[in-house]
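Reviewing the structure listed below.
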Amino acid sequence: KESNRRRVAKHREKTNKQQALSKFIPVPNIAVTIGDNLVGKVSDKLVNKASTTVVNGIFDIVSPKTQGLADTTYKPNYVKGAACTIAGSFVGYYGGSWFHSLVYAGIPNKKAKEETLPEFRMYGALGGFLLGAGAWYMDEKERRSQAEKTTLADELTPSIQAPVTLGQINTMRFEKVILGTEFQEFFGDNANKHDILLVHGKAGSAKSHFATKLLASLQQQGYTLYISTEENLSDRIRERLQRYNANDVNYVRAHSANEILSYVQSYQPKFLVVDSLSNLGLSNDEEKALMMALKNKVDFLVIILHATKDGTYRGSSSILHEADLEVILEDGVANTGKNRLKGKGSMNLFPPTGNIFTLSQTIQKQGMKL
């Protein structure tokens, strides 16, 4: 009986709402019923989603999780940011009141005090909001840095190998990365599996063009991935890929070492370009750690570095010791430096067309970026 009475009362209340709504909205009753049910369902879902988000946010604040390699992007703790800004606003609000009382202490004009109090509170709340947001940003920056270091440390777990003799080496078969004819002539031979190629040069020297051309020559042998830390997708990227028929080269933008490792783990490429390592803000040890971690995951790794004004690349020269091959770009011409293969080659990415200007001069005149 009690449940029946509740059902009748609920139905009566619903009917009254529909009748009241019909007075303002001249639509058929069936439309009112559908609209009422739809709004009710949507509101229930929103309430459930909001409550779940709040609970998860509180749990993340109490026990934050370390960023995992399966994530392709770094996820800031926005709930913590909201809490910091709200708390800062409240503190600033009451701080503004306290500062107001301090400024107007001993002033008998009560009206002037009352008129200026809201302004002090508003500016105090705004200042507290900015301070809270700044504190959250610095905390997120530190968390992100720690996540990067933790990831690199996990990737560099030492693996001890047993020593081998000449007799054992003679029985081994060493795998090769089959380069195209043009690159075989340039390097002098095919590369060994897990070799690292270091490419560096000044801005506008066509480093990205060389890496794209090399990756395009390997695209039929397996999954190729071009990770850029500088350029978003644009017409310039499309034109570069079209120029070298890089139809099967996969292009993606990354903002951190952690994202690079995530992409490599998710897509497992055979051939990888990172353009550039200099843009990640890593220390020399962290750069070498990332290189070694990537080397063991792909068949052939191309690392691009920026050059300084004197022509050397940014970072410690110890990075070169970890590389097997080196290519220096200048005005669109690639030359081999360190080369554990047979030859020492030169490659002009932009053959002469009668233009009397050098490539770098042409770039400056036309406002181009390579």
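Chain lettering (A, B, ...) mirrors the order of the structure tokens, residue numbering begins at 1 for each chain separately, and ligand numbering begins at 1 in order of display.
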
Problem set entry | 8 Å contact set for Leu305 in chain A, only C-alpha atoms, chain neighbours under 2 positions out, as a count of residues only | 12

Problem set entry | Surrounding residues of Trp98 in chain A excluding itself and chain neighbours under 4 positions, 10 Å, only C-alpha atoms, as a PyMOL selection string | chain A and resi 92-94+102-103+117+120-121+124

For this session: Within 9 Å of Asn192 in chain A, counting only C-alpha atoms, which residues show up once you throw out same-chain ones fewer than 4 positions away? Write them as a ChimeraX atom specification, please.
Result: /A:174-178,299-300

For this session: Determine which residues of range 156-259 of chain A receive a DSSP assignment of alpha helix (DSSP H), computed from the backbone, and state them as a count of residues only.
Result: 36

Find the residues of range 152-206 of chain A that sit at most 12 Å from range 318-327 of chain A; for each, write down the nearest two atoms and how far apart they are in Å, to one decimal. Count only C-alpha atoms. Sort by chain, then by number going up, and give it as JSON lines.
```
{"residue": "A:Phe183", "atom": "CA", "partner": "A:Val327", "partner_atom": "CA", "distance": 11.8}
{"residue": "A:Phe186", "atom": "CA", "partner": "A:Val327", "partner_atom": "CA", "distance": 10.2}
{"residue": "A:Phe187", "atom": "CA", "partner": "A:Leu325", "partner_atom": "CA", "distance": 8.6}
{"residue": "A:Gly188", "atom": "CA", "partner": "A:Leu325", "partner_atom": "CA", "distance": 11.3}
{"residue": "A:Asp189", "atom": "CA", "partner": "A:Leu325", "partner_atom": "CA", "distance": 11.6}
{"residue": "A:Asn190", "atom": "CA", "partner": "A:Leu325", "partner_atom": "CA", "distance": 11.5}
{"residue": "A:Ala191", "atom": "CA", "partner": "A:Leu325", "partner_atom": "CA", "distance": 8.9}
{"residue": "A:Asn192", "atom": "CA", "partner": "A:Asp324", "partner_atom": "CA", "distance": 9.1}
{"residue": "A:Lys193", "atom": "CA", "partner": "A:Asp324", "partner_atom": "CA", "distance": 10.8}
{"residue": "A:His194", "atom": "CA", "partner": "A:Asp324", "partner_atom": "CA", "distance": 9.3}
{"residue": "A:Asp195", "atom": "CA", "partner": "A:Asp324", "partner_atom": "CA", "distance": 5.8}
{"residue": "A:Ile196", "atom": "CA", "partner": "A:Ala323", "partner_atom": "CA", "distance": 4.9}
{"residue": "A:Leu197", "atom": "CA", "partner": "A:Leu325", "partner_atom": "CA", "distance": 4.6}
{"residue": "A:Leu198", "atom": "CA", "partner": "A:Glu326", "partner_atom": "CA", "distance": 4.8}
{"residue": "A:Val199", "atom": "CA", "partner": "A:Val327", "partner_atom": "CA", "distance": 4.8}
{"residue": "A:His200", "atom": "CA", "partner": "A:Val327", "partner_atom": "CA", "distance": 6.6}
{"residue": "A:Gly201", "atom": "CA", "partner": "A:Val327", "partner_atom": "CA", "distance": 8.6}
{"residue": "A:Ser205", "atom": "CA", "partner": "A:Val327", "partner_atom": "CA", "distance": 11.7}
{"residue": "A:Ala206", "atom": "CA", "partner": "A:Val327", "partner_atom": "CA", "distance": 11.6}
```

Go ahead and write the selection's residues with C-alpha atoms as a CSV table (one decimal), in the first residue's frame.
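File again.csv, as written:
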```csv
chain,number,residue,atom,x,y,z
A,183,PHE,CA,72.2,5.3,-49.5
A,186,PHE,CA,76.5,7.1,-49.7
A,187,PHE,CA,77.4,5.0,-46.6
A,188,GLY,CA,79.5,2.4,-48.4
A,189,ASP,CA,77.4,-0.6,-47.3
A,190,ASN,CA,74.2,-1.7,-45.6
A,191,ALA,CA,73.8,-0.7,-42.0
A,192,ASN,CA,73.8,-3.3,-39.2
A,193,LYS,CA,70.7,-4.0,-37.2
A,194,HIS,CA,70.3,-1.7,-34.2
A,195,ASP,CA,72.7,0.9,-35.6
A,196,ILE,CA,72.3,4.5,-34.5
A,197,LEU,CA,72.6,7.3,-37.1
A,198,LEU,CA,73.3,10.8,-35.8
A,199,VAL,CA,72.3,13.7,-38.1
A,200,HIS,CA,73.2,17.2,-37.2
A,201,GLY,CA,73.6,20.6,-38.9
A,205,SER,CA,70.5,22.8,-43.6
A,206,ALA,CA,67.9,20.2,-44.6
```

For this session: Enter the distance from CA of Ser97 in chain A to CA of Lys111 in chain A, in Å, rounded to one decimal.
Result: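 A separation of 15.5 Å between them.
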
Exercise. Which distance in Å separates CA of Arg253 in chain A and CA of Gln221 in chain A, to one decimal?
Worked result: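 Separation between CA of Arg253 in chain A and CA of Gln221 in chain A: 22.9 Å.
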
Exercise. What lies within 8 Å of Leu261 in chain A using only C-alpha atoms, ignoring chain neighbours under 3 positions off, as a PyMOL selection string?
Worked result: chain A and resi 69+257-258+264-265+294
